[in-house]
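One structure is given below, encoded as structure tokens.
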Amino acid sequence: MSAAPSAAPTPDAPLGRTALVTGGNRGIGLAIATDLRAAGYRVVVGCRSGSAPEGLDAVPLEVQDPASIVAAFDAAEKLLGGPVEILVANAGITRDQLLLRMSDEDLDEVIATNLAGVIRCARRASRGMLRLKRGRMIFISSVVGLYGSPGQVNYAASKAGLVGVARSIARELGGRRITANVVAPGFIDTAMTADLPPERRDLYLASIPAARFGATAEVAAAVRFLASPEAGYVNGAVLPVDGGLGMGH
Ligand code: NDP
């Protein structure tokens, strides 16, 4: 007996069309913001430094500072004319050092930016999403969070932590049509990877099944899917964009 095909999924209507991308002034964040805007979303980028990227609205945002997060959301909501329906928590830093030599500052700054900053942004974003009874939270983690990496204990811990954050939010708010997912990029061509010594770059390339670094646009495409109405039943997932580097982890 063949089962009848199940009914088409119910999209999250009306469409979530407003987005805030943290660290959206350059690198992966800028690619995500540009891509979402091209797909028809109204996008505001959070900028810690520099000026607004061409064609995008921007608000000042230092994710280590709780007051700055609240002010940035307030300002973004004014620009967007309503709550942030899609949060892309992308701002992140590395302070690589071997465990034995890692300073308290290297540890604290990475956790404050990549983990505590994200939780605070999610907390503030949840207010508007709960009111709307819909929302998308997308956390930019890293392959390193699940795979591990020597010299990156602080960074890997912060990025692994985002999986727990997303899955807890998924369980807490999933019934309100709010999803929380993780995108885990591998090595992507940005300022963060440009400074790698050539021999380390070659070593990494040898372990990536795709045999190349990724493009920022490839991360943006994954984010666009998770932000879309069609992804309403994807919750608490980790979506790798890593050329196969981390598969199985
Ligand atoms: P970049 O270093 O190019 O950009 C980082 C962005 O985060 C910048 O906009 C930066 O602002 C912002 N930022 C850093 N600290 C803060 C802060 N305290 N408050 C607000 N904004 C802040 O990084 P990428 O574009 O390469 O990376 C983006 C995200 O993707 C990060 O979370 C990173 O960990 C992750 N990732 C990157 C990979 C890669 O290969 N590039 C691989 C896996 C994950 P400012 O311009 O002021 O410095």
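Chain labels follow the order of the structure tokens: the first chain is A, the next B, and so on; residue numbering restarts at 1 in every chain, and ligands are counted from 1 in their shown order.
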
Can you pull out the residues contacting Ala67 (chain A)? Cut-off 12 Å, using only C-alpha atoms, and skip same-chain residues under 5 positions away; I want them as a PyMOL selection string. chain A and resi 60-62+72-74+117+120-121+124

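For Glu109 (chain A), the residues within 12 Å (counting only C-alpha atoms, excluding itself and residues fewer than 4 positions away along the chain) are Val63, Gln64, Asp65, Gly92, Ile93, Thr94, Arg95, Asp96, Met102, Ser103, Asp104, Glu105, Thr113, Asn114, Leu115, Ala116, Gly117, Asn154, Tyr155 and Ser158 of chain A.
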
Selected residues written out with all heavy atoms, as a compact mmCIF listing (two decimals), in the first residue's frame:
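Now in result.txt:
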```txt
# COMPACT_ATOMS: atom_id res chain seq x y z
N VAL A 63 28.57 44.02 20.44
CA VAL A 63 27.84 42.92 21.08
C VAL A 63 28.36 42.56 22.47
O VAL A 63 27.72 41.80 23.20
CB VAL A 63 27.75 41.65 20.20
CG1 VAL A 63 27.05 41.93 18.89
CG2 VAL A 63 29.13 41.04 19.96
N GLN A 64 29.51 43.10 22.84
CA GLN A 64 29.99 42.87 24.20
C GLN A 64 29.29 43.76 25.22
O GLN A 64 29.41 43.56 26.42
CB GLN A 64 31.50 43.13 24.28
CG GLN A 64 32.34 42.05 23.63
CD GLN A 64 33.79 42.13 24.08
OE1 GLN A 64 34.10 42.43 25.23
NE2 GLN A 64 34.69 41.87 23.16
N ASP A 65 28.57 44.75 24.71
CA ASP A 65 27.95 45.75 25.59
C ASP A 65 26.41 45.57 25.59
O ASP A 65 25.76 45.87 24.58
CB ASP A 65 28.33 47.14 25.08
CG ASP A 65 27.63 48.25 25.84
OD1 ASP A 65 26.92 47.96 26.84
OD2 ASP A 65 27.77 49.42 25.42
N GLY A 92 31.74 37.89 15.19
CA GLY A 92 32.58 36.93 15.91
C GLY A 92 34.04 37.26 15.75
O GLY A 92 34.44 37.96 14.81
N ILE A 93 34.82 36.78 16.68
CA ILE A 93 36.27 37.03 16.65
C ILE A 93 37.04 35.75 16.98
O ILE A 93 36.48 34.81 17.55
CB ILE A 93 36.69 38.12 17.68
CG1 ILE A 93 36.21 37.74 19.09
CG2 ILE A 93 36.17 39.49 17.27
CD1 ILE A 93 36.86 38.57 20.20
N THR A 94 38.31 35.77 16.64
CA THR A 94 39.23 34.72 17.11
C THR A 94 40.34 35.39 17.92
O THR A 94 40.72 36.54 17.64
CB THR A 94 39.90 33.96 15.94
OG1 THR A 94 40.44 34.93 15.03
CG2 THR A 94 38.93 33.07 15.20
N ARG A 95 40.82 34.71 18.92
CA ARG A 95 42.03 35.11 19.65
C ARG A 95 42.80 33.81 19.90
O ARG A 95 42.77 33.26 20.99
CB ARG A 95 41.69 35.77 20.99
CG ARG A 95 41.01 37.11 20.92
CD ARG A 95 41.97 38.25 20.52
NE ARG A 95 41.26 39.51 20.46
CZ ARG A 95 40.61 39.97 19.38
NH1 ARG A 95 40.60 39.27 18.25
NH2 ARG A 95 39.99 41.13 19.42
N ASP A 96 43.42 33.30 18.82
CA ASP A 96 44.01 31.96 18.88
C ASP A 96 45.28 31.93 19.73
O ASP A 96 46.13 32.82 19.65
CB ASP A 96 44.35 31.48 17.46
CG ASP A 96 43.11 31.35 16.58
OD1 ASP A 96 41.99 31.48 17.11
OD2 ASP A 96 43.28 31.10 15.37
N MET A 102 47.14 30.65 26.78
CA MET A 102 45.98 31.49 26.55
C MET A 102 45.73 32.42 27.75
O MET A 102 45.61 31.95 28.89
CB MET A 102 44.74 30.62 26.30
CG MET A 102 43.53 31.41 25.87
SD MET A 102 42.18 30.31 25.42
CE MET A 102 42.83 29.62 23.90
N SER A 103 45.66 33.71 27.48
CA SER A 103 45.45 34.67 28.57
C SER A 103 43.96 34.72 28.95
O SER A 103 43.10 34.31 28.16
CB SER A 103 45.90 36.06 28.14
OG SER A 103 45.04 36.54 27.12
N ASP A 104 43.70 35.24 30.13
CA ASP A 104 42.31 35.42 30.54
C ASP A 104 41.59 36.35 29.57
O ASP A 104 40.41 36.16 29.27
CB ASP A 104 42.24 36.00 31.96
CG ASP A 104 42.52 34.92 33.01
OD1 ASP A 104 42.22 33.74 32.74
OD2 ASP A 104 43.07 35.25 34.07
N GLU A 105 42.33 37.36 29.06
CA GLU A 105 41.70 38.31 28.13
C GLU A 105 41.29 37.60 26.83
O GLU A 105 40.20 37.82 26.30
CB GLU A 105 42.66 39.47 27.78
CG GLU A 105 42.93 40.44 28.94
CD GLU A 105 43.79 39.82 30.04
OE1 GLU A 105 44.66 38.96 29.75
OE2 GLU A 105 43.61 40.19 31.21
N THR A 113 32.10 37.91 23.18
CA THR A 113 31.64 38.30 21.84
C THR A 113 30.83 37.18 21.19
O THR A 113 29.69 37.38 20.76
CB THR A 113 32.85 38.62 20.93
OG1 THR A 113 33.64 39.62 21.55
CG2 THR A 113 32.39 39.09 19.56
N ASN A 114 31.43 35.99 21.12
CA ASN A 114 30.86 34.91 20.28
C ASN A 114 29.74 34.14 20.97
O ASN A 114 28.96 33.47 20.29
CB ASN A 114 31.95 33.90 19.90
CG ASN A 114 33.07 34.51 19.08
OD1 ASN A 114 33.09 35.71 18.83
ND2 ASN A 114 34.01 33.68 18.67
N LEU A 115 29.69 34.19 22.30
CA LEU A 115 28.66 33.40 22.99
C LEU A 115 27.70 34.29 23.79
O LEU A 115 26.51 34.35 23.49
CB LEU A 115 29.32 32.35 23.89
CG LEU A 115 28.37 31.36 24.57
CD1 LEU A 115 27.50 30.61 23.57
CD2 LEU A 115 29.16 30.37 25.42
N ALA A 116 28.25 35.03 24.77
CA ALA A 116 27.35 35.87 25.59
C ALA A 116 26.68 36.94 24.72
O ALA A 116 25.49 37.22 24.89
CB ALA A 116 28.14 36.51 26.73
N GLY A 117 27.43 37.51 23.78
CA GLY A 117 26.86 38.53 22.89
C GLY A 117 25.70 37.97 22.07
O GLY A 117 24.69 38.65 21.86
N ASN A 154 39.26 28.50 23.08
CA ASN A 154 38.29 29.55 23.40
C ASN A 154 37.24 29.69 22.28
O ASN A 154 36.03 29.72 22.51
CB ASN A 154 38.99 30.89 23.67
CG ASN A 154 39.99 31.28 22.56
OD1 ASN A 154 40.22 30.53 21.61
ND2 ASN A 154 40.59 32.45 22.71
N TYR A 155 37.74 29.76 21.05
CA TYR A 155 36.85 29.94 19.89
C TYR A 155 35.93 28.72 19.71
O TYR A 155 34.72 28.85 19.53
CB TYR A 155 37.72 30.15 18.66
CG TYR A 155 36.98 30.40 17.36
CD1 TYR A 155 36.35 31.62 17.12
CD2 TYR A 155 36.93 29.43 16.36
CE1 TYR A 155 35.68 31.86 15.91
CE2 TYR A 155 36.28 29.66 15.15
CZ TYR A 155 35.65 30.88 14.94
OH TYR A 155 35.00 31.10 13.75
N SER A 158 33.20 28.65 22.27
CA SER A 158 32.15 29.64 22.01
C SER A 158 31.24 29.18 20.88
O SER A 158 30.02 29.34 20.93
CB SER A 158 32.76 31.01 21.68
OG SER A 158 33.39 31.00 20.40
```

Test item: residues at most 7 Å from Gly135 (chain A), only C-alpha atoms, excluding those fewer than 2 positions along its chain, as a VMD selection string: chain A and resid 16 85 to 86 129 137 177 to 179

Skip Val88 (chain A) itself and residues of its chain fewer than 3 positions away, then list as a count of residues only all residues within 7 Å of it, counting only C-alpha atoms. 6

Near-region 25-40 of chain A list (7 Å; only C-alpha atoms; drop same-chain fewer than 4 positions) as a list of chain:residue names: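 In the requested form, the answer reads A:Val21, A:Val45, A:Cys47, A:Ala52, A:Pro53, A:Asn90, A:Thr190, A:Ala191, A:Thr216, A:Ala217, A:Ala220, A:Arg224.
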
Which one of A:Arg176, A:Arg48, A:Lys159, A:Arg171 sits closest to Ile111 (chain A) if you count only C-alpha atoms? A:Lys159

Could you state the separation of CA of Pro240 (chain A) and CA of Ile69 (chain A) in Å, given to one decimal place?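 Going from CA of Pro240 (chain A) over to CA of Ile69 (chain A), I get 27.4 Å.
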
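CA of Tyr41 (chain A) lies 10.1 Å from CA of Ser228 (chain A).
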
Could you check which of A:Ala210, A:Ala112, A:Val163, A:Ala222 is closest to ligand 1, using only C-alpha atoms and all ligand atoms?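 For ligand 1, the nearest of the given residues is A:Ala112.
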
Show which residues sit within 9 Å of region 199-209 of chain A, as a ChimeraX atom specification. Count only C-alpha atoms, and ignore same-chain residues fewer than 3 positions away. /A:186-187,193,196,212-213,242-246

Closest to Val219 (chain A) among A:Pro185, A:Ala237, A:Gly248, A:Met192, using only C-alpha atoms? A:Pro185

Could you find all residues in region 46-174 of chain A that DSSP calls strand (DSSP E or B) from the backbone, and write them as a VMD selection string? chain A and resid 46 to 47 57 to 60 86 to 89 135 to 140

Just all heavy atoms for this one: save the residues we selected as a tab-separated table (two decimals), in the first residue's frame.
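Listing of result_2.tsv after writing:
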```tsv
chain	number	residue	atom	x	y	z
A	46	GLY	N	24.20	45.50	11.89
A	46	GLY	CA	24.84	46.02	13.11
A	46	GLY	C	26.31	46.23	12.83
A	46	GLY	O	26.98	45.31	12.35
A	47	CYS	N	26.80	47.45	13.08
A	47	CYS	CA	28.21	47.78	12.78
A	47	CYS	C	28.91	48.21	14.05
A	47	CYS	O	28.47	49.15	14.71
A	47	CYS	CB	28.29	48.94	11.81
A	47	CYS	SG	27.87	48.51	10.14
A	57	ASP	N	21.01	49.88	5.43
A	57	ASP	CA	20.86	50.64	6.66
A	57	ASP	C	21.71	50.00	7.74
A	57	ASP	O	21.84	48.77	7.79
A	57	ASP	CB	19.40	50.64	7.12
A	57	ASP	CG	18.55	51.58	6.29
A	57	ASP	OD1	19.06	52.66	5.93
A	57	ASP	OD2	17.39	51.23	5.99
A	58	ALA	N	22.27	50.83	8.62
A	58	ALA	CA	23.13	50.28	9.67
A	58	ALA	C	22.83	50.95	11.00
A	58	ALA	O	22.37	52.09	11.06
A	58	ALA	CB	24.60	50.50	9.31
A	59	VAL	N	23.07	50.20	12.07
A	59	VAL	CA	22.98	50.76	13.43
A	59	VAL	C	24.27	50.40	14.16
A	59	VAL	O	24.86	49.35	13.90
A	59	VAL	CB	21.76	50.17	14.20
A	59	VAL	CG1	20.46	50.60	13.56
A	59	VAL	CG2	21.83	48.65	14.29
A	60	PRO	N	24.72	51.28	15.06
A	60	PRO	CA	25.92	50.95	15.83
A	60	PRO	C	25.64	49.77	16.74
A	60	PRO	O	24.57	49.70	17.35
A	60	PRO	CB	26.19	52.22	16.66
A	60	PRO	CG	25.27	53.27	16.16
A	60	PRO	CD	24.15	52.59	15.44
A	86	ILE	N	14.00	38.30	11.66
A	86	ILE	CA	15.10	37.37	11.40
A	86	ILE	C	16.36	37.95	12.03
A	86	ILE	O	16.81	39.05	11.66
A	86	ILE	CB	15.32	37.20	9.88
A	86	ILE	CG1	14.05	36.63	9.23
A	86	ILE	CG2	16.53	36.32	9.60
A	86	ILE	CD1	13.93	36.96	7.77
A	87	LEU	N	16.91	37.23	12.99
A	87	LEU	CA	18.19	37.65	13.58
A	87	LEU	C	19.28	36.75	13.01
A	87	LEU	O	19.19	35.52	13.12
A	87	LEU	CB	18.16	37.49	15.11
A	87	LEU	CG	19.53	37.56	15.80
A	87	LEU	CD1	20.16	38.95	15.67
A	87	LEU	CD2	19.43	37.15	17.27
A	88	VAL	N	20.28	37.36	12.42
A	88	VAL	CA	21.46	36.60	12.01
A	88	VAL	C	22.61	37.06	12.90
A	88	VAL	O	23.13	38.17	12.76
A	88	VAL	CB	21.81	36.81	10.52
A	88	VAL	CG1	23.00	35.92	10.14
A	88	VAL	CG2	20.61	36.52	9.63
A	89	ALA	N	22.96	36.21	13.87
A	89	ALA	CA	24.04	36.54	14.83
A	89	ALA	C	25.34	36.06	14.22
A	89	ALA	O	25.68	34.88	14.28
A	89	ALA	CB	23.76	35.88	16.17
A	135	GLY	N	9.40	33.91	13.96
A	135	GLY	CA	10.75	34.46	13.94
A	135	GLY	C	11.77	33.41	13.54
A	135	GLY	O	11.49	32.21	13.54
A	136	ARG	N	12.92	33.92	13.17
A	136	ARG	CA	14.03	33.06	12.76
A	136	ARG	C	15.29	33.56	13.47
A	136	ARG	O	15.65	34.73	13.31
A	136	ARG	CB	14.27	33.17	11.25
A	136	ARG	CG	13.12	32.69	10.38
A	136	ARG	CD	13.23	31.17	10.22
A	136	ARG	NE	12.29	30.70	9.22
A	136	ARG	CZ	11.05	30.32	9.49
A	136	ARG	NH1	10.58	30.37	10.72
A	136	ARG	NH2	10.26	29.89	8.54
A	137	MET	N	15.93	32.68	14.18
A	137	MET	CA	17.25	33.03	14.73
A	137	MET	C	18.27	32.12	14.04
A	137	MET	O	18.09	30.89	14.01
A	137	MET	CB	17.29	32.82	16.23
A	137	MET	CG	16.30	33.69	16.99
A	137	MET	SD	16.70	33.71	18.74
A	137	MET	CE	15.14	34.29	19.41
A	138	ILE	N	19.30	32.73	13.52
A	138	ILE	CA	20.32	31.97	12.79
A	138	ILE	C	21.67	32.36	13.37
A	138	ILE	O	22.05	33.55	13.36
A	138	ILE	CB	20.24	32.27	11.28
A	138	ILE	CG1	18.85	31.89	10.75
A	138	ILE	CG2	21.34	31.51	10.52
A	138	ILE	CD1	18.46	32.53	9.45
A	139	PHE	N	22.36	31.38	13.91
A	139	PHE	CA	23.62	31.64	14.60
A	139	PHE	C	24.78	31.15	13.74
A	139	PHE	O	24.80	29.97	13.33
A	139	PHE	CB	23.63	30.92	15.95
A	139	PHE	CG	22.47	31.29	16.84
A	139	PHE	CD1	21.60	30.33	17.32
A	139	PHE	CD2	22.23	32.62	17.16
A	139	PHE	CE1	20.52	30.67	18.12
A	139	PHE	CE2	21.15	32.98	17.96
A	139	PHE	CZ	20.29	32.00	18.44
A	140	ILE	N	25.73	32.03	13.48
A	140	ILE	CA	26.88	31.64	12.65
A	140	ILE	C	27.95	31.07	13.57
A	140	ILE	O	28.63	31.79	14.31
A	140	ILE	CB	27.42	32.83	11.83
A	140	ILE	CG1	26.29	33.50	11.03
A	140	ILE	CG2	28.53	32.33	10.91
A	140	ILE	CD1	25.55	32.60	10.05
```
